[in-house]
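Have a look at structure13.txt; it's compact mmCIF, C-alpha atoms and all ligand atoms:
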```txt
# COMPACT_ATOMS: atom_id res chain seq x y z
CA MET O 1 -63.91 44.91 4.51
CA SER O 2 -60.95 43.50 6.36
CA THR O 3 -61.16 39.89 7.53
CA THR O 4 -61.53 39.72 11.32
CA ILE O 5 -61.75 37.02 13.95
CA ALA O 6 -64.69 37.03 16.37
CA PRO O 7 -64.06 37.20 20.15
CA GLU O 8 -66.08 33.96 20.50
CA VAL O 9 -63.49 32.16 18.36
CA LEU O 10 -60.64 33.40 20.57
CA LYS O 11 -62.59 32.43 23.69
CA ALA O 12 -63.15 28.96 22.22
CA ALA O 13 -59.40 28.66 21.47
CA ALA O 14 -58.60 29.62 25.08
CA ALA O 15 -61.14 27.13 26.43
CA GLU O 16 -59.89 24.28 24.26
CA PHE O 17 -56.13 24.87 24.29
CA GLY O 18 -55.55 27.00 27.41
CA THR O 19 -53.72 30.31 27.64
CA PRO O 20 -51.47 31.83 26.59
CA VAL O 21 -52.14 30.75 23.02
CA TYR O 22 -51.31 32.22 19.61
CA VAL O 23 -54.24 32.06 17.17
CA TYR O 24 -53.55 32.69 13.46
CA HIS O 25 -56.32 33.47 11.00
CA ALA O 26 -55.60 31.79 7.66
CA GLU O 27 -58.08 33.84 5.63
CA LYS O 28 -56.42 37.05 6.83
CA ILE O 29 -53.10 35.84 5.42
CA LYS O 30 -54.84 35.11 2.13
CA GLU O 31 -56.46 38.54 2.10
CA GLN O 32 -53.04 40.18 2.52
CA PHE O 33 -51.56 38.07 -0.25
CA GLU O 34 -54.44 38.86 -2.61
CA SER O 35 -54.03 42.57 -1.89
CA LEU O 36 -50.32 42.35 -2.73
CA LYS O 37 -51.07 40.59 -6.00
CA SER O 38 -53.65 43.16 -6.95
CA SER O 39 -51.44 46.14 -6.00
CA PHE O 40 -48.57 44.84 -8.15
CA SER O 41 -50.68 43.48 -11.00
CA ALA O 42 -48.97 45.79 -13.50
CA CYS O 43 -45.52 44.37 -12.62
CA ASP O 44 -43.75 41.15 -13.55
CA VAL O 45 -43.58 40.23 -9.87
CA ARG O 46 -42.94 37.33 -7.48
CA PHE O 47 -43.49 37.31 -3.72
CA PHE O 48 -41.41 35.27 -1.28
CA TYR O 49 -42.92 35.31 2.21
CA ALA O 50 -40.20 36.16 4.78
CA ALA O 51 -40.37 33.01 6.89
CA LYS O 52 -38.37 34.60 9.71
CA SER O 53 -41.56 36.36 10.81
CA LEU O 54 -43.40 33.08 11.54
CA THR O 55 -42.01 29.67 10.60
CA ASN O 56 -44.61 27.21 11.79
CA ILE O 57 -44.64 24.68 8.94
CA HIS O 58 -48.44 24.83 8.70
CA ILE O 59 -48.12 28.53 7.96
CA LEU O 60 -45.35 27.87 5.41
CA LYS O 61 -47.50 25.17 3.82
CA TYR O 62 -50.49 27.50 3.66
CA LEU O 63 -48.39 30.26 2.05
CA SER O 64 -47.18 27.80 -0.62
CA GLU O 65 -50.74 26.61 -1.14
CA ILE O 66 -51.98 30.13 -1.91
CA GLY O 67 -49.10 30.68 -4.34
CA SER O 68 -46.39 32.47 -2.39
CA GLY O 69 -42.68 31.67 -2.47
CA ILE O 70 -40.69 31.53 0.78
CA ASP O 71 -37.71 33.70 1.73
CA CYS O 72 -35.38 32.28 4.38
CA SER O 73 -32.84 33.85 6.73
CA SER O 74 -31.01 30.70 7.79
CA ILE O 75 -30.27 27.32 6.29
CA ASN O 76 -32.62 25.80 8.89
CA GLU O 77 -35.45 27.94 7.53
CA VAL O 78 -34.58 26.66 4.05
CA GLU O 79 -34.81 23.08 5.34
CA LEU O 80 -38.13 23.88 7.05
CA ALA O 81 -39.55 25.48 3.90
CA LEU O 82 -38.64 22.40 1.84
CA TYR O 83 -39.92 20.11 4.60
CA SER O 84 -43.23 21.98 4.47
CA GLY O 85 -43.49 21.00 0.79
CA ALA O 86 -42.23 24.13 -0.99
CA LYS O 87 -40.34 23.43 -4.21
CA PRO O 88 -36.69 24.63 -4.34
CA GLU O 89 -37.50 27.03 -7.20
CA ASN O 90 -39.95 28.75 -4.84
CA VAL O 91 -37.47 29.10 -1.99
CA LEU O 92 -35.00 31.96 -1.60
CA TYR O 93 -32.14 32.13 0.87
CA THR O 94 -31.14 35.71 1.75
CA SER O 95 -28.46 35.34 4.37
CA ASN O 96 -26.34 37.63 6.50
CA ASN O 97 -22.82 36.91 7.78
CA ILE O 98 -23.20 33.14 7.52
CA HIS O 99 -20.55 30.45 7.20
CA PHE O 100 -19.92 29.47 3.58
CA SER O 101 -20.94 25.87 4.34
CA GLU O 102 -24.58 27.08 4.61
CA ILE O 103 -24.35 28.45 1.09
CA GLU O 104 -22.91 25.14 -0.14
CA ARG O 105 -25.87 23.36 1.48
CA ALA O 106 -28.30 25.80 -0.17
CA VAL O 107 -26.72 24.97 -3.55
CA GLU O 108 -27.18 21.24 -2.85
CA LEU O 109 -30.83 21.94 -2.08
CA GLY O 110 -31.23 23.93 -5.31
CA VAL O 111 -32.80 27.11 -3.90
CA HIS O 112 -32.26 30.73 -5.00
CA ILE O 113 -29.45 32.41 -3.07
CA ASN O 114 -28.59 36.04 -2.31
CA ILE O 115 -25.04 36.52 -1.00
CA ASP O 116 -24.30 39.48 1.27
CA SER O 117 -20.50 39.68 1.66
CA LEU O 118 -17.52 40.04 -0.66
CA SER O 119 -15.89 37.17 1.22
CA ASN O 120 -18.67 34.66 0.50
CA LEU O 121 -19.13 36.00 -3.04
CA LYS O 122 -15.48 35.26 -3.75
CA LYS O 123 -15.71 31.77 -2.27
CA PHE O 124 -18.87 31.16 -4.29
CA GLY O 125 -17.22 32.35 -7.52
CA GLU O 126 -14.13 30.23 -6.94
CA LYS O 127 -16.19 27.12 -6.25
CA TYR O 128 -19.12 27.39 -8.67
CA LYS O 129 -17.89 29.86 -11.31
CA GLY O 130 -20.88 30.54 -13.60
CA THR O 131 -22.61 27.21 -13.03
CA TYR O 132 -25.12 28.36 -10.37
CA PRO O 133 -26.87 31.70 -11.06
CA VAL O 134 -26.82 33.70 -7.85
CA GLY O 135 -27.98 37.00 -6.33
CA ILE O 136 -26.06 39.71 -4.50
CA ARG O 137 -27.44 41.56 -1.51
CA MET O 138 -26.36 45.17 -1.85
CA ARG O 139 -26.51 47.87 0.80
CA PRO O 140 -28.00 50.96 -0.80
CA ASN O 141 -26.92 53.33 2.01
CA ILE O 142 -30.48 54.54 2.54
CA MET O 143 -31.83 55.18 6.05
CA ALA O 144 -35.34 53.75 6.36
CA GLY O 145 -37.51 51.75 8.75
CA GLY O 146 -39.67 52.16 11.84
CA ASN O 147 -36.67 52.51 14.18
CA ILE O 148 -32.88 52.13 14.08
CA LYS O 149 -33.00 48.51 15.24
CA ILE O 150 -35.01 47.53 12.17
CA ALA O 151 -33.21 49.79 9.68
CA THR O 152 -30.88 47.64 7.58
CA GLY O 153 -29.92 49.61 4.48
CA HIS O 154 -28.06 52.57 5.99
CA ASP O 155 -24.33 53.24 5.69
CA LYS O 156 -23.49 51.83 9.14
CA SER O 157 -25.52 48.64 8.69
CA LYS O 158 -23.95 45.16 8.78
CA PHE O 159 -26.25 43.96 6.00
CA GLY O 160 -25.27 43.60 2.37
CA ILE O 161 -22.36 44.80 0.26
CA PRO O 162 -22.22 48.61 0.13
CA VAL O 163 -22.92 50.01 -3.33
CA THR O 164 -19.64 51.89 -2.93
CA GLN O 165 -17.86 48.50 -3.21
CA LEU O 166 -19.25 47.85 -6.69
CA GLN O 167 -15.77 47.65 -8.20
CA GLU O 168 -14.74 44.88 -5.77
CA VAL O 169 -17.93 42.98 -6.71
CA LEU O 170 -17.18 43.37 -10.41
CA ASP O 171 -13.59 42.22 -9.94
CA ILE O 172 -14.86 39.00 -8.31
CA VAL O 173 -17.50 38.50 -11.00
CA ASN O 174 -14.99 39.08 -13.82
CA THR O 175 -12.22 36.92 -12.43
CA THR O 176 -14.46 33.97 -11.48
CA GLY O 177 -17.09 34.16 -14.23
CA LEU O 178 -19.99 34.32 -11.75
CA HIS O 179 -23.51 34.41 -13.21
CA ILE O 180 -25.32 37.21 -11.36
CA LYS O 181 -29.06 36.71 -11.69
CA THR O 182 -30.41 38.97 -8.95
CA LEU O 183 -29.60 42.24 -7.25
CA HIS O 184 -31.19 42.46 -3.82
CA ILE O 185 -31.78 45.16 -1.22
CA HIS O 186 -33.76 45.22 1.99
CA THR O 187 -33.70 48.66 3.56
CA GLY O 188 -35.63 47.94 6.75
CA SER O 189 -38.97 47.09 8.29
CA GLU O 190 -42.14 49.18 8.76
CA ILE O 191 -41.38 51.52 5.86
CA LYS O 192 -44.44 53.66 5.19
CA ASP O 193 -42.87 55.98 2.68
CA VAL O 194 -43.32 54.71 -0.89
CA GLU O 195 -40.46 56.95 -2.01
CA VAL O 196 -37.96 54.82 -0.06
CA PHE O 197 -38.75 51.81 -2.26
CA VAL O 198 -38.61 53.94 -5.41
CA LYS O 199 -35.26 55.40 -4.35
CA GLY O 200 -33.89 51.91 -3.59
CA LEU O 201 -35.07 50.78 -7.01
CA SER O 202 -33.31 53.64 -8.75
CA VAL O 203 -30.07 52.77 -6.91
CA MET O 204 -30.47 49.21 -8.25
CA PHE O 205 -31.21 50.40 -11.78
CA GLU O 206 -27.91 52.28 -11.81
CA LEU O 207 -26.10 49.01 -11.10
CA VAL O 208 -27.94 46.91 -13.71
CA PRO O 209 -25.74 47.81 -16.73
CA HIS O 210 -22.79 46.16 -14.94
CA PHE O 211 -24.63 42.81 -14.84
CA PRO O 212 -25.57 41.65 -18.34
CA GLN O 213 -27.13 38.36 -17.14
CA LEU O 214 -29.36 40.02 -14.54
CA GLU O 215 -33.01 38.88 -14.50
CA VAL O 216 -34.34 40.10 -11.16
CA VAL O 217 -34.33 43.13 -8.88
CA ASP O 218 -35.32 41.97 -5.39
CA LEU O 219 -36.54 44.83 -3.20
CA GLY O 220 -36.84 42.76 0.00
CA GLY O 221 -39.65 43.30 2.51
CA GLY O 222 -40.51 46.09 4.91
CA PHE O 223 -44.06 47.15 4.07
CA LYS O 224 -45.69 48.82 7.04
CA VAL O 225 -48.90 47.49 8.52
CA PRO O 226 -51.01 49.41 11.04
CA TYR O 227 -50.29 48.51 14.68
CA LYS O 228 -52.02 51.44 16.40
CA PRO O 229 -55.72 52.17 15.92
CA ASP O 230 -56.10 54.73 13.09
CA GLU O 231 -52.51 54.19 11.97
CA LYS O 232 -51.95 53.81 8.23
CA GLY O 233 -49.77 51.21 6.57
CA THR O 234 -47.79 51.60 3.35
CA ASP O 235 -50.07 52.69 0.50
CA MET O 236 -49.73 49.48 -1.50
CA GLU O 237 -51.73 50.69 -4.49
CA LEU O 238 -49.45 53.70 -4.82
CA LEU O 239 -46.36 51.56 -4.28
CA GLY O 240 -47.53 49.05 -6.90
CA SER O 241 -48.18 51.72 -9.52
CA SER O 242 -44.94 53.60 -8.74
CA VAL O 243 -42.85 50.43 -9.06
CA ALA O 244 -44.63 49.43 -12.29
CA GLU O 245 -44.03 52.90 -13.71
CA ALA O 246 -40.33 52.82 -12.79
CA PHE O 247 -39.85 49.41 -14.45
CA LYS O 248 -41.74 50.56 -17.56
CA LYS O 249 -39.47 53.60 -17.92
CA PHE O 250 -36.36 51.51 -17.31
CA GLU O 251 -37.43 48.97 -19.93
CA ALA O 252 -38.20 51.69 -22.47
CA ALA O 253 -34.81 53.33 -21.89
CA THR O 254 -32.66 50.18 -21.86
CA GLY O 255 -34.66 47.49 -23.67
CA ARG O 256 -34.08 45.21 -20.68
CA HIS O 257 -36.96 43.38 -19.04
CA LEU O 258 -36.50 42.54 -15.37
CA GLN O 259 -38.67 40.82 -12.83
CA VAL O 260 -39.23 42.36 -9.39
CA TRP O 261 -39.27 40.22 -6.25
CA PHE O 262 -40.48 41.12 -2.77
CA GLU O 263 -39.98 39.39 0.58
CA PRO O 264 -42.85 40.56 2.80
CA GLY O 265 -42.98 39.26 6.36
CA LYS O 266 -45.10 41.57 8.53
CA TYR O 267 -47.41 42.41 5.67
CA MET O 268 -48.34 38.77 5.23
CA VAL O 269 -48.74 37.61 8.83
CA SER O 270 -48.68 40.43 11.40
CA GLU O 271 -52.40 41.07 11.49
CA CYS O 272 -53.44 37.41 11.27
CA GLY O 273 -52.08 36.77 14.77
CA HIS O 274 -53.97 37.16 18.06
CA PHE O 275 -52.18 36.30 21.30
CA VAL O 276 -54.77 35.24 23.85
CA THR O 277 -53.65 35.57 27.45
CA SER O 278 -55.45 35.67 30.77
CA VAL O 279 -55.10 37.87 33.81
CA ASN O 280 -53.30 36.26 36.75
CA VAL O 281 -53.14 39.17 39.15
CA LEU O 282 -54.38 42.74 39.54
CA LYS O 283 -52.29 45.08 41.64
CA GLU O 284 -53.00 48.72 42.52
CA THR O 285 -49.98 50.69 43.71
CA GLY O 286 -50.15 54.46 43.95
CA ASP O 287 -51.68 55.61 40.71
CA ILE O 288 -50.75 52.51 38.67
CA ASN O 289 -53.14 49.65 37.98
CA PHE O 290 -51.05 46.64 37.04
CA ALA O 291 -52.77 43.89 35.09
CA GLY O 292 -50.42 40.90 35.32
CA ILE O 293 -51.04 38.41 32.53
CA ASP O 294 -49.95 34.78 32.17
CA THR O 295 -47.14 35.50 29.71
CA GLY O 296 -44.15 37.79 29.40
CA LEU O 297 -41.33 39.02 27.22
CA ASN O 298 -40.34 35.37 26.87
CA HIS O 299 -43.37 34.89 24.60
CA LEU O 300 -43.65 38.30 22.95
CA ILE O 301 -40.60 40.50 23.21
CA ARG O 302 -41.37 43.24 20.68
CA PRO O 303 -42.57 45.90 23.18
CA MET O 304 -39.45 45.50 25.36
CA PHE O 305 -37.07 44.88 22.45
CA TYR O 306 -38.13 47.65 20.08
CA GLY O 307 -40.60 49.68 22.11
CA ALA O 308 -43.22 48.25 19.74
CA TYR O 309 -46.88 49.11 20.21
CA HIS O 310 -49.45 46.29 20.18
CA LYS O 311 -53.15 46.93 20.43
CA ILE O 312 -54.66 45.14 23.44
CA ASP O 313 -58.30 44.17 24.02
CA ASN O 314 -60.15 42.81 27.00
CA ILE O 315 -62.53 40.40 25.25
CA SER O 316 -64.08 39.21 28.53
CA ASN O 317 -65.46 42.61 29.49
CA PRO O 318 -65.60 44.70 26.29
CA ASP O 319 -68.28 47.05 27.62
CA GLY O 320 -66.71 47.65 31.02
CA PRO O 321 -65.85 51.20 32.12
CA LEU O 322 -62.49 52.38 30.79
CA LYS O 323 -59.56 52.50 33.22
CA ASN O 324 -55.85 52.96 32.58
CA TYR O 325 -53.63 49.89 33.02
CA GLN O 326 -50.03 48.89 32.90
CA VAL O 327 -50.25 45.48 31.25
CA VAL O 328 -47.29 43.46 32.49
CA GLY O 329 -45.91 39.95 32.24
CA TYR O 330 -44.84 37.34 34.82
CA ILE O 331 -41.12 37.34 34.03
CA CYS O 332 -38.49 38.40 36.54
CA GLU O 333 -37.55 41.40 34.40
CA THR O 334 -39.55 44.49 33.63
CA ASP O 335 -41.82 43.26 30.88
CA ASN O 336 -44.46 45.81 30.04
CA PHE O 337 -46.83 45.15 27.18
CA ALA O 338 -48.48 48.55 27.56
CA GLU O 339 -48.27 51.52 29.88
CA ASP O 340 -51.12 53.81 30.86
CA ARG O 341 -53.36 52.02 28.37
CA PRO O 342 -57.13 52.60 28.61
CA LEU O 343 -58.93 49.24 28.70
CA PRO O 344 -62.42 48.17 29.69
CA GLU O 345 -62.21 47.26 33.37
CA VAL O 346 -59.94 44.26 33.82
CA ARG O 347 -60.75 41.49 36.30
CA GLU O 348 -58.62 38.51 37.33
CA GLY O 349 -59.32 35.67 34.88
CA ASP O 350 -60.30 37.99 32.01
CA LEU O 351 -59.00 37.16 28.55
CA ILE O 352 -56.66 39.82 27.25
CA VAL O 353 -55.81 39.68 23.55
CA ILE O 354 -52.64 41.18 22.11
CA ARG O 355 -53.14 42.02 18.43
CA ASN O 356 -50.76 42.00 15.45
CA ALA O 357 -49.19 38.96 17.04
CA GLY O 358 -48.41 36.99 13.88
CA ALA O 359 -45.03 38.42 12.89
CA TYR O 360 -41.89 38.23 15.06
CA CYS O 361 -43.86 37.17 18.15
CA TYR O 362 -43.92 33.39 18.63
CA GLU O 363 -40.89 33.40 16.39
CA MET O 364 -38.83 35.33 18.94
CA ALA O 365 -40.17 33.39 21.93
CA SER O 366 -37.78 31.75 24.39
CA ASN O 367 -37.79 29.60 27.51
CA TYR O 368 -36.50 32.41 29.71
CA ASN O 369 -37.38 31.80 33.38
CA SER O 370 -37.85 28.15 32.32
CA ARG O 371 -41.30 28.91 31.03
CA PHE O 372 -42.89 26.76 28.36
CA ARG O 373 -43.45 28.27 24.94
CA PRO O 374 -47.17 28.62 24.17
CA ALA O 375 -49.34 26.64 21.80
CA GLU O 376 -50.13 27.84 18.27
CA VAL O 377 -53.54 27.39 16.66
CA LEU O 378 -54.65 27.95 13.08
CA TYR O 379 -58.19 29.19 12.44
CA ARG O 380 -59.15 28.18 8.92
CA ASP O 381 -62.52 27.62 7.23
CA GLY O 382 -64.23 28.24 10.55
CA LYS O 383 -62.23 25.55 12.39
CA LEU O 384 -59.54 25.80 15.06
CA SER O 385 -56.62 23.36 14.78
CA LEU O 386 -53.66 22.99 17.04
CA ILE O 387 -50.52 23.45 14.92
CA ARG O 388 -48.00 23.40 17.76
CA ARG O 389 -48.62 22.03 21.24
CA ARG O 390 -47.65 23.91 24.37
CA GLU O 391 -44.26 22.82 25.67
CA THR O 392 -43.88 20.61 28.74
CA MET O 393 -41.19 19.89 31.32
CA GLU O 394 -39.86 17.20 28.99
CA ASP O 395 -39.17 19.83 26.33
CA LEU O 396 -37.12 21.84 28.82
CA LEU O 397 -35.06 18.79 29.72
CA ARG O 398 -34.80 17.22 26.25
CA THR O 399 -31.42 18.63 25.25
CA GLN O 400 -29.80 18.42 28.67
CA LEU O 401 -27.54 15.45 29.39
CA PHE O 402 -27.81 13.25 32.48
N1 LIG O 501 -36.18 40.25 3.72
C1 LIG O 501 -35.10 40.37 4.52
C2 LIG O 501 -33.77 40.14 3.93
C3 LIG O 501 -35.24 40.72 5.87
O1 LIG O 501 -34.17 40.84 6.65
C4 LIG O 501 -36.55 40.91 6.39
C5 LIG O 501 -36.77 41.32 7.78
O2 LIG O 501 -36.02 41.98 8.42
C6 LIG O 501 -37.66 40.77 5.53
C7 LIG O 501 -37.43 40.43 4.22
C8 LIG O 501 -39.06 40.96 6.01
O3 LIG O 501 -39.29 42.21 6.51
P1 LIG O 501 -40.77 42.64 6.92
O4 LIG O 501 -41.26 41.65 7.91
O5 LIG O 501 -40.63 43.99 7.50
O6 LIG O 501 -41.59 42.64 5.67
```

Would you give me this structure, written as structure tokens?
Amino acid sequence: MSTTIAPEVLKAAAAEFGTPVYVYHAEKIKEQFESLKSSFSACDVRFFYAAKSLTNIHILKYLSEIGSGIDCSSINEVELALYSGAKPENVLYTSNNIHFSEIERAVELGVHINIDSLSNLKKFGEKYKGTYPVGIRMRPNIMAGGNIKIATGHDKSKFGIPVTQLQEVLDIVNTTGLHIKTLHIHTGSEIKDVEVFVKGLSVMFELVPHFPQLEVVDLGGGFKVPYKPDEKGTDMELLGSSVAEAFKKFEAATGRHLQVWFEPGKYMVSECGHFVTSVNVLKETGDINFAGIDTGLNHLIRPMFYGAYHKIDNISNPDGPLKNYQVVGYICETDNFAEDRPLPEVREGDLIVIRNAGAYCYEMASNYNSRFRPAEVLYRDGKLSLIRRRETMEDLLRTQLF
């Protein structure tokens, strides 16, 4: 049975910390991690949680505590991961279009690095030669992912070095003596189809013979989790056995043993997050019932950014008669969270919970309309603890000069 959080706990969080508030359920994160480990038990595997999905250092610390590595998308995330107590050997920096100075800093910090451009690979080779084993982010030219904005491996994507530029990569490696330890791909997010991962893996296997020092194939993140009721996520058991089988065959054919790495973000933290908001205003106009809540796209942009679906519950009136609502925010932009969504009757003051609010929610929050970013709370071992306070006017003014 999946780990859930009781409405009473969310009500208690709202009463103690106010709304809107993000509540994260630690045991749910652990459950996801355990399920990953069990699905891939037949592989020589390591998992690096994609910190970009939720970087609160208490979350990073918890992930390290339960045995996960941490994958970072910026040098600041690397610094945060180390600050949270992660050891450099458990931190991976997979960057995109960054200045070379960030890579130099990552070397100083001693973390694993995946490089995603010929330009930075050349600079790296010229500076470090074979002294610092490094990974290359390749672009497999595979179209995959929930929508085009989160598809990253296709042939028009800015991410990675296209596999068609293999010769340029090899020229750099041969002239500088680079030690290539890892080949990396990340084809996109919300990939349900197991075959996409298997296809990506076979593209990587074709490249392996060119890299005699290779130890790792890193398949990135992108596992799909259910957002809609009755929706299915990636079949992790099937994925685990398919990947194990592919590695077994590869090893038998080539005599080379490789480790597989993954960088799951949504899979680890999407479902642990519950965004508790309350209803400011009800408005009936024509045939639309607006439920205006005390948040907006400044706190959770996914519906307006990607057209993402989030399940919404009215935990104050769960048995009320169903009515259709347009759940909207308080920002001076159109900021719908849901349209024509059946909900138990909503009253002003009711607590409305937006689900799957762990990944890419707080993390993409802003101060648009000069609103404060919300508080974050961790629910662990039956206790609620504040892990980030709500912002105040001082926070808005802190970086402005007088
Ligand atoms: N790894 C890399 C390089 C990414 O860019 C991302 C997200 O886009 C991830 C991992 C995590 O993806 P997801 O949250 O879909 O698992």

Please compute the atom CA of Ser117 of chain O-atom CA of Val217 of chain O distance, one decimal, in Å. 17.7 Å

At most 9 Å from ligand LIG 501 (chain O) (only C-alpha atoms and all ligand atoms): residue list as a VMD selection string: chain O and resid 48 to 53 71 to 73 93 to 96 137 145 150 to 152 159 184 to 191 219 to 224 262 to 270 359 to 360

Produce a file of the selected residues containing C-alpha atoms, as a PDB file, keeping the file's coordinate frame.
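Written output follows (out-v3.pdb):
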```
ATOM      1  CA  PHE O  48     -41.410  35.270  -1.280  1.00  0.00           C
ATOM      2  CA  TYR O  49     -42.920  35.310   2.210  1.00  0.00           C
ATOM      3  CA  ALA O  50     -40.200  36.160   4.780  1.00  0.00           C
ATOM      4  CA  ALA O  51     -40.370  33.010   6.890  1.00  0.00           C
ATOM      5  CA  LYS O  52     -38.370  34.600   9.710  1.00  0.00           C
ATOM      6  CA  SER O  53     -41.560  36.360  10.810  1.00  0.00           C
ATOM      7  CA  ASP O  71     -37.710  33.700   1.730  1.00  0.00           C
ATOM      8  CA  CYS O  72     -35.380  32.280   4.380  1.00  0.00           C
ATOM      9  CA  SER O  73     -32.840  33.850   6.730  1.00  0.00           C
ATOM     10  CA  TYR O  93     -32.140  32.130   0.870  1.00  0.00           C
ATOM     11  CA  THR O  94     -31.140  35.710   1.750  1.00  0.00           C
ATOM     12  CA  SER O  95     -28.460  35.340   4.370  1.00  0.00           C
ATOM     13  CA  ASN O  96     -26.340  37.630   6.500  1.00  0.00           C
ATOM     14  CA  ARG O 137     -27.440  41.560  -1.510  1.00  0.00           C
ATOM     15  CA  GLY O 145     -37.510  51.750   8.750  1.00  0.00           C
ATOM     16  CA  ILE O 150     -35.010  47.530  12.170  1.00  0.00           C
ATOM     17  CA  ALA O 151     -33.210  49.790   9.680  1.00  0.00           C
ATOM     18  CA  THR O 152     -30.880  47.640   7.580  1.00  0.00           C
ATOM     19  CA  PHE O 159     -26.250  43.960   6.000  1.00  0.00           C
ATOM     20  CA  HIS O 184     -31.190  42.460  -3.820  1.00  0.00           C
ATOM     21  CA  ILE O 185     -31.780  45.160  -1.220  1.00  0.00           C
ATOM     22  CA  HIS O 186     -33.760  45.220   1.990  1.00  0.00           C
ATOM     23  CA  THR O 187     -33.700  48.660   3.560  1.00  0.00           C
ATOM     24  CA  GLY O 188     -35.630  47.940   6.750  1.00  0.00           C
ATOM     25  CA  SER O 189     -38.970  47.090   8.290  1.00  0.00           C
ATOM     26  CA  GLU O 190     -42.140  49.180   8.760  1.00  0.00           C
ATOM     27  CA  ILE O 191     -41.380  51.520   5.860  1.00  0.00           C
ATOM     28  CA  LEU O 219     -36.540  44.830  -3.200  1.00  0.00           C
ATOM     29  CA  GLY O 220     -36.840  42.760   0.000  1.00  0.00           C
ATOM     30  CA  GLY O 221     -39.650  43.300   2.510  1.00  0.00           C
ATOM     31  CA  GLY O 222     -40.510  46.090   4.910  1.00  0.00           C
ATOM     32  CA  PHE O 223     -44.060  47.150   4.070  1.00  0.00           C
ATOM     33  CA  LYS O 224     -45.690  48.820   7.040  1.00  0.00           C
ATOM     34  CA  PHE O 262     -40.480  41.120  -2.770  1.00  0.00           C
ATOM     35  CA  GLU O 263     -39.980  39.390   0.580  1.00  0.00           C
ATOM     36  CA  PRO O 264     -42.850  40.560   2.800  1.00  0.00           C
ATOM     37  CA  GLY O 265     -42.980  39.260   6.360  1.00  0.00           C
ATOM     38  CA  LYS O 266     -45.100  41.570   8.530  1.00  0.00           C
ATOM     39  CA  TYR O 267     -47.410  42.410   5.670  1.00  0.00           C
ATOM     40  CA  MET O 268     -48.340  38.770   5.230  1.00  0.00           C
ATOM     41  CA  VAL O 269     -48.740  37.610   8.830  1.00  0.00           C
ATOM     42  CA  SER O 270     -48.680  40.430  11.400  1.00  0.00           C
ATOM     43  CA  ALA O 359     -45.030  38.420  12.890  1.00  0.00           C
ATOM     44  CA  TYR O 360     -41.890  38.230  15.060  1.00  0.00           C
TER      45      TYR O 360
END
```

Pick out the residues sitting within 10 Å of His257 of chain O, and hand them over as a PyMOL selection string; count only C-alpha atoms, and ignore anything fewer than 6 positions along from it in its own chain. chain O and resi 44+214-216+247-248+250-251

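Atom CA of Ile352 of chain O is found 9.9 Å from atom CA of His274 of chain O.
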
For Val78 of chain O, which residue out of O:Arg373, O:Leu109, O:Arg347, O:Phe47 is the nearest one, using all atoms listed in the file? O:Leu109

Compute the distance from (-63.6, 41.4, 30.1) to each atom, counting only C-alpha atoms, keep the residues with any atom at most 7 Å away, and return them as a list of chain:residue names; use the coordinates of the file. O:Asn314, O:Ile315, O:Ser316, O:Asn317, O:Pro318, O:Pro344, O:Glu345, O:Val346, O:Arg347, O:Asp350, O:Leu351
